[in-house]
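Asks: My structure is below; once you've seen it, I'll send some questions.
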Amino acid sequence: MNTIVALAILLLLIGLISKTERPYAILWSFATPLFYILFGFKSLYISLGFTEVELFSGVLPMVVCIIVWQKLSTTERRRAWKYSPKFWWLFLAYYFISLFWSDNLSTGVRTVLEIAFPSFLYLVAFNVIQNDFHLERYFKWILIINIIVALFDGYNAATGWTAIQTAGSMTEGVIGYRTVTAYFYVTMSTILLMRMMDKFEWRLLALFGVDIFLMLIAGSRTPTFVFIAGSLVAIFYRRNVKFAVIGTLVMAMLVGILLLLPTKNKFLNADESLNMKDSGRSFFQKYFEDKAAESPIWGFGAGGTEEYARWITEHITMVGAPHNEYLRIRFDGGIIGLVLFYLGLTDIFVRGLLWGRGMKSYFPYRAILIMTPVMFAVSCTSDNTFFYFYVFTQYLFVFMGFGARLCYEDRVLRGRETLVLDDREVEAIKEQMGAFQPAT
């Protein structure tokens, strides 16, 4: 019954998405946490025949991406392709090809999709905005989503503080389990921080404080480290002494608060060493390191990690993946895949630096272009980052698309890039120019 109701809701949402004005269609995929709250479907998988995908966090963002992509012209697609990281696409192509020698095709397909669709959202996001006309509305709706989800999580925390103290973390948030909840607030906090570094507002600071608190009591290590690393990159990239000093102090306070909360034991052992034991993660990583060393240079194929993990998850630990994207790609794609993966992240980082050079405005989006690959690189060392694409990877790829578009337009204005228009855009310009009458 739940499946029928969920599918009916999904079909309704697809109808609404198809009717939504193109620039705002991506917002439907941003609202995944709200679908969890409103409908209560935290983990509902549907079969695609060859694999299973979670309905609202997996299928819906894919549908959004496909619908908006179909609305783009050939010129727009080429433009986005030009301003995209080519080594990243090379990695994706290789990872997809590795399905041909995989022993676990169904899981491999799902893994490829988890990386591919956020990446395609970059191309879509590049085209759905023109200058900053639509960005304010995006930010408004992101704030609304953030506030609603924070209210639910805040209520859970207030009514379940004893359980949080006992477990050392929020074991179940309204948008999913602990790590997913933490990644949601990492993403929201990152966007808010970027915004405040450009234009300070007290209301943003208040929401930022709530997000940080909820992130910390989620008690998930990697998302917290990712946020600190990404924030420090942005703070120093601002190249302003005041921002650098204040930002460093804020990050130090964040660490200090962490040591006072009941979630401390999720991060540190009694001897103050890093806690890697509570999830069986260290055993899992050692197993995959040994197995990966036996693989050919092209790896075991996408999905291979889960195939080899089956016995361990049934007999030793519930950790269902190596909890290390580095190990997953090293295992599935071999040394070749791993090199391409980090070349892709480096490509994103370098392009962000080059595009933002000389750009005077839109600091938040310039910063996200260069901090996102750093955040991915940090999170990939101890987590399966792309598994959480619906509250972390997806949002950041979209904002990188926004940032790349703004950099592109800035370069056009400065004469460093040629503006190429398709027929539809030419007609729109003619209509606008025709509406102007000379002064008399």
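Chain labels follow the order of the structure tokens: the first chain is A, the next B, and so on; residue numbering restarts at 1 in every chain, and ligands are counted from 1 in their shown order.
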Set the distance at 12 Å and use only C-alpha atoms: which residues neighbour Met253 (chain A) once local chain neighbours fewer than 6 positions away are removed? I'd like the list as an mmCIF file with N, CA, C and O atoms, in the first residue's frame.
Replies:
```
data_model
loop_
_atom_site.group_PDB
_atom_site.id
_atom_site.type_symbol
_atom_site.label_atom_id
_atom_site.label_comp_id
_atom_site.auth_asym_id
_atom_site.auth_seq_id
_atom_site.Cartn_x
_atom_site.Cartn_y
_atom_site.Cartn_z
ATOM 1 N N GLY A 209 23.699 29.215 13.364
ATOM 2 C CA GLY A 209 23.967 28.643 14.685
ATOM 3 C C GLY A 209 23.149 27.399 14.954
ATOM 4 O O GLY A 209 23.649 26.410 15.510
ATOM 5 N N ILE A 212 24.593 24.500 12.859
ATOM 6 C CA ILE A 212 25.845 23.989 13.430
ATOM 7 C C ILE A 212 25.561 23.119 14.645
ATOM 8 O O ILE A 212 26.145 22.034 14.807
ATOM 9 N N PHE A 213 24.647 23.572 15.506
ATOM 10 C CA PHE A 213 24.306 22.792 16.694
ATOM 11 C C PHE A 213 23.747 21.426 16.306
ATOM 12 O O PHE A 213 24.162 20.392 16.846
ATOM 13 N N ILE A 228 34.483 21.948 8.365
ATOM 14 C CA ILE A 228 35.610 22.753 8.849
ATOM 15 C C ILE A 228 36.613 23.000 7.727
ATOM 16 O O ILE A 228 37.073 24.128 7.511
ATOM 17 N N ILE A 246 38.366 36.312 12.171
ATOM 18 C CA ILE A 246 37.057 35.958 12.725
ATOM 19 C C ILE A 246 36.695 34.518 12.371
ATOM 20 O O ILE A 246 36.222 33.751 13.219
ATOM 21 N N GLY A 247 36.914 34.136 11.113
ATOM 22 C CA GLY A 247 36.582 32.783 10.679
ATOM 23 C C GLY A 247 37.361 31.719 11.419
ATOM 24 O O GLY A 247 36.812 30.690 11.824
ATOM 25 N N LEU A 259 33.604 19.560 22.124
ATOM 26 C CA LEU A 259 34.173 18.853 23.268
ATOM 27 C C LEU A 259 33.258 18.901 24.495
ATOM 28 O O LEU A 259 33.445 18.143 25.442
ATOM 29 N N LEU A 260 32.253 19.781 24.472
ATOM 30 C CA LEU A 260 31.337 19.911 25.611
ATOM 31 C C LEU A 260 30.043 19.129 25.428
ATOM 32 O O LEU A 260 29.311 18.906 26.391
#
```
Asks: Which of region 154-184 of chain A end up as strand (DSSP E) when DSSP is run on this backbone - answer as a list in words?
Replies: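 Written out, the strand (DSSP E) residues of region 154-184 of chain A are Glu172, Gly173, Gly176 and Tyr177 of chain A.
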Asks: Just the alpha helix (DSSP H) stuff from region 28-163 of chain A, please, per backbone DSSP, written as an NGL selection string.
Replies: :A and (28-30 or 32-39 or 60-70 or 74-82 or 86-97 or 105-128 or 135-159 or 161-163)
Asks: With only C-alpha atoms as the counted atoms, please give the residues lying no more than 12 Å from Lys140 (chain A), apart from itself and same-chain residues fewer than 4 positions off, as an MDAnalysis selection string.
Replies: chainID A and resid 24 27 134:136 144:147 191:192 195 204
Asks: Could you turn the residues from that selection into a file that holds all heavy atoms, as a tab-separated table (two decimals), in the first residue's frame?
Replies:
```tsv
chain	number	residue	atom	x	y	z
A	24	TYR	N	13.34	27.27	-12.25
A	24	TYR	CA	13.12	26.86	-10.86
A	24	TYR	C	12.84	25.37	-10.69
A	24	TYR	O	12.55	24.91	-9.60
A	24	TYR	CB	11.97	27.69	-10.26
A	24	TYR	CG	12.20	29.16	-10.42
A	24	TYR	CD1	11.40	29.92	-11.27
A	24	TYR	CD2	13.26	29.79	-9.77
A	24	TYR	CE1	11.63	31.28	-11.45
A	24	TYR	CE2	13.49	31.15	-9.94
A	24	TYR	CZ	12.68	31.88	-10.78
A	24	TYR	OH	12.93	33.21	-10.96
A	27	LEU	N	14.60	23.18	-8.04
A	27	LEU	CA	14.22	23.30	-6.63
A	27	LEU	C	13.44	22.07	-6.14
A	27	LEU	O	13.44	21.77	-4.95
A	27	LEU	CB	13.38	24.56	-6.42
A	27	LEU	CG	14.17	25.85	-6.28
A	27	LEU	CD1	13.25	27.05	-6.36
A	27	LEU	CD2	14.95	25.86	-4.97
A	134	HIS	N	17.69	34.87	-10.86
A	134	HIS	CA	16.96	33.79	-10.20
A	134	HIS	C	17.56	33.37	-8.86
A	134	HIS	O	16.93	32.63	-8.11
A	134	HIS	CB	16.90	32.55	-11.11
A	134	HIS	CG	16.38	32.83	-12.47
A	134	HIS	ND1	15.07	33.15	-12.72
A	134	HIS	CD2	17.00	32.86	-13.68
A	134	HIS	CE1	14.90	33.34	-14.01
A	134	HIS	NE2	16.06	33.19	-14.61
A	135	LEU	N	18.76	33.82	-8.57
A	135	LEU	CA	19.48	33.29	-7.41
A	135	LEU	C	18.80	33.65	-6.09
A	135	LEU	O	18.81	32.85	-5.15
A	135	LEU	CB	20.92	33.79	-7.41
A	135	LEU	CG	21.79	33.22	-8.53
A	135	LEU	CD1	23.18	33.83	-8.47
A	135	LEU	CD2	21.87	31.71	-8.45
A	136	GLU	N	18.21	34.83	-5.99
A	136	GLU	CA	17.54	35.22	-4.76
A	136	GLU	C	16.37	34.31	-4.44
A	136	GLU	O	16.13	33.96	-3.28
A	136	GLU	CB	17.07	36.67	-4.85
A	136	GLU	CG	18.18	37.70	-4.70
A	136	GLU	CD	18.89	37.59	-3.35
A	136	GLU	OE1	18.21	37.35	-2.34
A	136	GLU	OE2	20.13	37.70	-3.34
A	144	ILE	N	13.75	28.35	3.41
A	144	ILE	CA	12.49	27.78	3.89
A	144	ILE	C	12.65	26.29	4.19
A	144	ILE	O	12.21	25.78	5.24
A	144	ILE	CB	11.37	28.01	2.85
A	144	ILE	CG1	11.04	29.50	2.76
A	144	ILE	CG2	10.12	27.20	3.20
A	144	ILE	CD1	10.12	29.86	1.62
A	145	ILE	N	13.27	25.55	3.26
A	145	ILE	CA	13.52	24.12	3.47
A	145	ILE	C	14.37	23.91	4.72
A	145	ILE	O	14.08	23.05	5.56
A	145	ILE	CB	14.22	23.52	2.23
A	145	ILE	CG1	13.26	23.52	1.03
A	145	ILE	CG2	14.69	22.09	2.52
A	145	ILE	CD1	13.94	23.19	-0.28
A	146	ASN	N	15.43	24.70	4.85
A	146	ASN	CA	16.33	24.60	5.99
A	146	ASN	C	15.58	24.81	7.31
A	146	ASN	O	15.74	24.04	8.27
A	146	ASN	CB	17.44	25.63	5.83
A	146	ASN	CG	18.58	25.47	6.83
A	146	ASN	OD1	19.60	26.12	6.72
A	146	ASN	ND2	18.42	24.62	7.82
A	147	ILE	N	14.75	25.84	7.36
A	147	ILE	CA	14.03	26.17	8.60
A	147	ILE	C	13.05	25.06	8.98
A	147	ILE	O	12.97	24.65	10.14
A	147	ILE	CB	13.30	27.52	8.45
A	147	ILE	CG1	14.32	28.67	8.37
A	147	ILE	CG2	12.33	27.75	9.60
A	147	ILE	CD1	13.73	29.99	7.96
A	191	ILE	N	26.36	27.01	2.67
A	191	ILE	CA	25.69	28.02	1.86
A	191	ILE	C	25.44	29.30	2.68
A	191	ILE	O	25.66	30.42	2.20
A	191	ILE	CB	24.38	27.46	1.29
A	191	ILE	CG1	24.69	26.34	0.30
A	191	ILE	CG2	23.56	28.56	0.61
A	191	ILE	CD1	23.46	25.55	-0.15
A	192	LEU	N	25.01	29.13	3.93
A	192	LEU	CA	24.78	30.29	4.79
A	192	LEU	C	26.07	31.04	5.08
A	192	LEU	O	26.10	32.28	5.08
A	192	LEU	CB	24.13	29.84	6.11
A	192	LEU	CG	22.66	29.42	6.03
A	192	LEU	CD1	22.23	28.78	7.35
A	192	LEU	CD2	21.77	30.62	5.73
A	195	ARG	N	27.10	33.09	2.16
A	195	ARG	CA	26.22	34.25	2.03
A	195	ARG	C	26.61	35.35	3.03
A	195	ARG	O	26.66	36.53	2.68
A	195	ARG	CB	24.78	33.80	2.27
A	195	ARG	CG	23.74	34.85	1.97
A	195	ARG	CD	23.58	35.07	0.49
A	195	ARG	NE	22.44	35.92	0.21
A	195	ARG	CZ	21.75	35.90	-0.91
A	195	ARG	NH1	22.10	35.07	-1.86
A	195	ARG	NH2	20.73	36.71	-1.10
A	204	LEU	N	20.48	35.24	9.28
A	204	LEU	CA	21.28	34.15	8.73
A	204	LEU	C	22.20	33.58	9.79
A	204	LEU	O	22.43	32.37	9.85
A	204	LEU	CB	22.09	34.63	7.53
A	204	LEU	CG	21.31	35.18	6.34
A	204	LEU	CD1	22.26	35.48	5.18
A	204	LEU	CD2	20.23	34.21	5.91
```
Asks: Find the residues of region 115-207 of chain A that sit at most 9 Å from region 363-378 of chain A; for each, write down the nearest two atoms and how far apart they are in Å, to one decimal. Count only C-alpha atoms. Sort by chain, then by number going up, and give it as a tab-separated table.
Replies:
```
residue	atom	partner	partner_atom	distance
A:Thr190	CA	A:Ile368	CA	8.6
A:Ile191	CA	A:Pro364	CA	7.8
A:Leu193	CA	A:Pro364	CA	8.5
A:Met194	CA	A:Pro364	CA	4.7
A:Arg195	CA	A:Pro364	CA	5.9
A:Met196	CA	A:Pro364	CA	8.7
A:Met197	CA	A:Pro364	CA	7.5
A:Asp198	CA	A:Phe363	CA	6.4
```
Asks: Keeping C-alpha atoms for every residue in the selection just given, could you write it to a file as a PDB file, in the first residue's frame?
Replies:
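To be explicit, this is the file written out as again36.pdb:
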```pdb
ATOM      1  CA  THR A 190      28.180  26.082   3.975  1.00  0.00           C
ATOM      2  CA  ILE A 191      25.693  28.025   1.864  1.00  0.00           C
ATOM      3  CA  LEU A 193      28.426  30.937   5.625  1.00  0.00           C
ATOM      4  CA  MET A 194      29.184  31.903   2.037  1.00  0.00           C
ATOM      5  CA  ARG A 195      26.223  34.254   2.034  1.00  0.00           C
ATOM      6  CA  MET A 196      27.222  35.931   5.296  1.00  0.00           C
ATOM      7  CA  MET A 197      30.776  36.410   4.093  1.00  0.00           C
ATOM      8  CA  ASP A 198      29.322  38.413   1.224  1.00  0.00           C
TER       9      ASP A 198
END
```
